[in-house]
Amino acid sequence: MTTPTFPARTIDVALGQRSYPVWIGPGLLADTARWRAALRGRHALVISNTTVAPLYLDRVAEGLAGLRWSSFLLEDGEAHKTFANVGRALDALAQLGATRDACVVALGGGVVGDLAGFSAACWMRGIDFIQMPTTLLSMVDSSVGGKTGVNLPAGKNLVGAFHQPRAVVADTDTLASLPEREYRAGLAEVVKGAAIGDATFFDWLEQHADALKARETGPLTEAIARKVAYKAGVVVRDETEQGERALLNLGHTFGHALETAGQYRVLLHGEGVAIGMLLAAQLSERLGMSEAADTARLQRLLAALGLPTAIPAGMAPEPLLALMRLDKKNLAGALRLILWRGIGRAEIVGGVGEADVMAVLEAATR
Ligand code: NAD
Ligand code: GLY
């Protein structure tokens, strides 16, 4: 075990007996004494992928010494977040002889974390799992809050369960190997938290945009901690998304349409969210809910972080609107979107007129 030289931040997700810590900072994977205590039994299955395991599995292996453990590696990519691979993960648990006190360890980005968490939720009707997120997106979003699941041919994330982890180990050193586009896509999720519910954090992001772009450890750890603290608060108040948690989807209806229009090859999810948030801000402004100055600040911050702010060339308004009509949030055929009242104040708005959405899409594709 090595001790990190930079102190880790701890955010607690306060869910009574199911509460858990999110540890954030450099060197945490190697700080095995800290996270090993979260493993209760004698068996562990590490689920990772073929990109991440060669980089970081040895650090995790050190902490598992003395346990009966094995690893199950996915091929890299969203296409492998499938039921078939959950079946393989469960077979690996069976092979291990995993009992009810076994633990699944998810080492990787959101794809690995979602599939590993769902596998843990299924084995013997639910065993422990620990998230070890290695992308910025998974550190600030998917590893926290207990949404787990897989894709079906019919659509993304259609199958899943709420199953909270026992701990989240966000070792910021792992971000050093993350490709630039993936890193920036994670920054969009950081901006999203501030835009929805924390105006002070938004100011702070404006002041630290250059440091964040350069992946400076101090500001990066602070940004992750603030976003996680914000999300943890939402999850504690509305764990199963009966209301407030839906606000975390600011920009998603537009963003998902953009991702789908590009057949998931043109935009990463975070890039779609960045453009989508801006379109949601423009729509809010058009509906008289927010000021042009707020839209401009959002645009400037996204651009300063190196994120796209324009709809990619070749995407037309009509097909984008058609894709938005398929969104799960819609009710009785009317569009239901997360809009905002300026920086730090989002709300769910039903019955949004298609003419207003079209006007915003047309202006953005002109
Ligand atoms: P990802 O898991 O596909 O990771 C992105 C890429 O980075 C992959 O190629 C991966 O192999 C690689 N990678 C991961 N860590 C690395 C590292 N440290 N160094 C080098 N390469 C590394 O994508 P993601 O953006 O982390 O997650 C997206 C997934 O998360 C989607 O499936 C989405 O549905 C899900 N998600 C879930 C929630 C939730 O609440 N459960 C929230 C948001 C997103
Ligand atoms: N990513 C949205 C949520 O966790 O609810």
# chains A, B, ... in the order shown; residues from 1 in each chain; ligands from 1
$ residues_near_ligand --ligand "ligand 1" --cutoff "6 Å" --atoms "only C-alpha atoms and all ligand atoms" --output "VMD selection string"
chain A and resid 51 to 52 76 to 78 108 to 112 114 134 to 135 137 to 138 141 to 142 147 to 148 174 to 175 177 to 178
$ residues_near_ligand --ligand "ligand 2" --cutoff "9 Å" --atoms "only C-alpha atoms and all ligand atoms" --output "NGL selection string"
:A and (141-147 or 231 or 234-235 or 239-241 or 245-249)
$ atom_distance --atom1 "atom CA of A:Asp91" --atom2 "atom CA of A:Leu45"
10.8 Å
$ select_by_dssp --residues "stretch 196-346 of chain A" --states "helix (DSSP H, G or I)" --output "ChimeraX atom specification"
/A:196-197,199-207,209-213,217-237,244-249,252-261,269-286,292-304,317-324
$ closest_residue --among "A:Arg226, A:Trp204, A:Arg181, A:Leu321" --to "A:Leu267" --atoms "only C-alpha atoms"
A:Arg181
$ residues_around --residues "A:Val150" --least-positions-apart "4" --cutoff "8 Å" --atoms "only C-alpha atoms" --output "mmCIF file with N, CA and C atoms, in the first residue's frame"
data_model
loop_
_atom_site.group_PDB
_atom_site.id
_atom_site.type_symbol
_atom_site.label_atom_id
_atom_site.label_comp_id
_atom_site.auth_asym_id
_atom_site.auth_seq_id
_atom_site.Cartn_x
_atom_site.Cartn_y
_atom_site.Cartn_z
ATOM 1 N N LYS A 81 -22.500 -3.247 -23.467
ATOM 2 C CA LYS A 81 -23.312 -3.126 -22.233
ATOM 3 C C LYS A 81 -24.618 -3.893 -22.463
ATOM 4 N N THR A 82 -24.504 -5.211 -22.474
ATOM 5 C CA THR A 82 -25.628 -6.052 -22.889
ATOM 6 C C THR A 82 -26.023 -7.055 -21.811
ATOM 7 N N PHE A 83 -27.233 -7.584 -21.990
ATOM 8 C CA PHE A 83 -27.725 -8.674 -21.153
ATOM 9 C C PHE A 83 -26.807 -9.889 -21.249
ATOM 10 N N ASP A 114 -22.143 0.559 -14.973
ATOM 11 C CA ASP A 114 -23.575 0.236 -15.088
ATOM 12 C C ASP A 114 -23.785 -1.273 -15.160
ATOM 13 N N LEU A 115 -22.962 -1.954 -15.959
ATOM 14 C CA LEU A 115 -23.123 -3.407 -16.128
ATOM 15 C C LEU A 115 -22.718 -4.151 -14.854
ATOM 16 N N PHE A 118 -25.387 -3.694 -12.186
ATOM 17 C CA PHE A 118 -26.588 -4.496 -12.468
ATOM 18 C C PHE A 118 -26.309 -5.978 -12.189
ATOM 19 N N LYS A 156 -31.350 2.348 -25.347
ATOM 20 C CA LYS A 156 -30.311 2.434 -24.310
ATOM 21 C C LYS A 156 -30.930 2.384 -22.916
ATOM 22 N N ASN A 157 -30.261 1.712 -22.007
ATOM 23 C CA ASN A 157 -30.617 1.714 -20.576
ATOM 24 C C ASN A 157 -32.068 1.326 -20.311
ATOM 25 N N LEU A 158 -32.612 0.434 -21.140
ATOM 26 C CA LEU A 158 -34.022 0.074 -20.950
ATOM 27 C C LEU A 158 -34.222 -0.917 -19.805
ATOM 28 N N VAL A 159 -33.157 -1.609 -19.407
ATOM 29 C CA VAL A 159 -33.264 -2.584 -18.323
ATOM 30 C C VAL A 159 -32.319 -2.168 -17.208
ATOM 31 N N GLY A 160 -32.796 -2.219 -15.976
ATOM 32 C CA GLY A 160 -31.873 -1.859 -14.907
ATOM 33 C C GLY A 160 -32.500 -1.946 -13.542
#
$ select_by_dssp --residues "stretch 127-220 of chain A" --states "strand (DSSP E or B)" --output "MDAnalysis selection string"
chainID A and resid 128:133 147:152 155:162 167:171
$ residues_around --residues "stretch 276-282 of chain A" --least-positions-apart "6" --cutoff "6 Å" --atoms "only C-alpha atoms" --output "compact mmCIF listing (two decimals) with all heavy atoms, in the first residue's frame"
# COMPACT_ATOMS: atom_id res chain seq x y z
N GLY A 251 -30.73 19.23 -20.77
CA GLY A 251 -30.01 19.11 -22.05
C GLY A 251 -30.10 17.73 -22.67
O GLY A 251 -29.68 17.53 -23.81
N PHE A 254 -32.65 17.19 -26.00
CA PHE A 254 -31.98 17.69 -27.21
C PHE A 254 -30.73 16.83 -27.49
O PHE A 254 -30.49 16.42 -28.62
CB PHE A 254 -31.53 19.15 -27.01
CG PHE A 254 -32.61 20.18 -27.12
CD1 PHE A 254 -33.10 20.83 -25.99
CD2 PHE A 254 -33.14 20.53 -28.36
CE1 PHE A 254 -34.09 21.80 -26.09
CE2 PHE A 254 -34.13 21.51 -28.47
CZ PHE A 254 -34.61 22.14 -27.32
N GLY A 255 -29.96 16.60 -26.43
CA GLY A 255 -28.68 15.90 -26.60
C GLY A 255 -28.84 14.49 -27.13
O GLY A 255 -28.09 14.05 -28.01
N THR A 295 -27.74 32.58 -20.97
CA THR A 295 -27.42 31.71 -22.11
C THR A 295 -25.99 31.99 -22.57
O THR A 295 -25.22 31.07 -22.86
CB THR A 295 -28.39 31.98 -23.29
OG1 THR A 295 -29.72 32.02 -22.78
CG2 THR A 295 -28.28 30.92 -24.36
N LEU A 339 -36.04 22.62 -18.38
CA LEU A 339 -35.62 23.97 -18.81
C LEU A 339 -35.06 24.68 -17.58
O LEU A 339 -34.92 24.09 -16.52
CB LEU A 339 -36.81 24.70 -19.43
CG LEU A 339 -37.38 24.01 -20.68
CD1 LEU A 339 -38.60 24.76 -21.21
CD2 LEU A 339 -36.32 23.89 -21.78
$ residues_around --residues "A:Leu307" --least-positions-apart "3" --cutoff "8 Å" --atoms "only C-alpha atoms" --output "ChimeraX atom specification"
/A:184-185,188,271,274,302-304
$ closest_residue --among "A:Leu250, A:Val352, A:Val169, A:Ala313" --to "A:Leu331" --atoms "only C-alpha atoms"
A:Val352
$ residues_around --residues "A:His43" --least-positions-apart "6" --cutoff "8 Å" --atoms "only C-alpha atoms" --output "list in words"
Leu67, Arg68, Trp69, Leu96, Gly97, Ala98, Thr99, Asp101, Ala102 and Cys103 of chain A
$ atom_distance --atom1 "atom CA of A:Gly314" --atom2 "atom CA of A:Ala296"
24.3 Å
$ closest_residue --among "A:Asp210, A:Glu318, A:Asp173, A:Asp58" --to "A:Ala261" --atoms "only C-alpha atoms"
A:Glu318
$ atom_distance --atom1 "atom CA of A:Asn330" --atom2 "atom CA of A:Ala229"
28.7 Å
$ closest_residue --among "A:Gln299, A:Asn85, A:Leu205, A:Gln95" --to "A:Leu152" --atoms "only C-alpha atoms"
A:Asn85
$ residues_around --residues "stretch 12-24 of chain A" --least-positions-apart "5" --cutoff "9 Å" --atoms "only C-alpha atoms" --output "JSON, numbers by chain"
{"A": [7, 139, 144, 145, 164, 165, 166, 167, 168, 169, 170, 171, 172, 221, 222, 224, 225, 228, 229, 232, 233, 235, 236, 239]}
$ closest_residue --among "A:Leu57, A:Met289, A:Val266, A:Leu73" --to "A:Ala116" --atoms "only C-alpha atoms"
A:Leu73
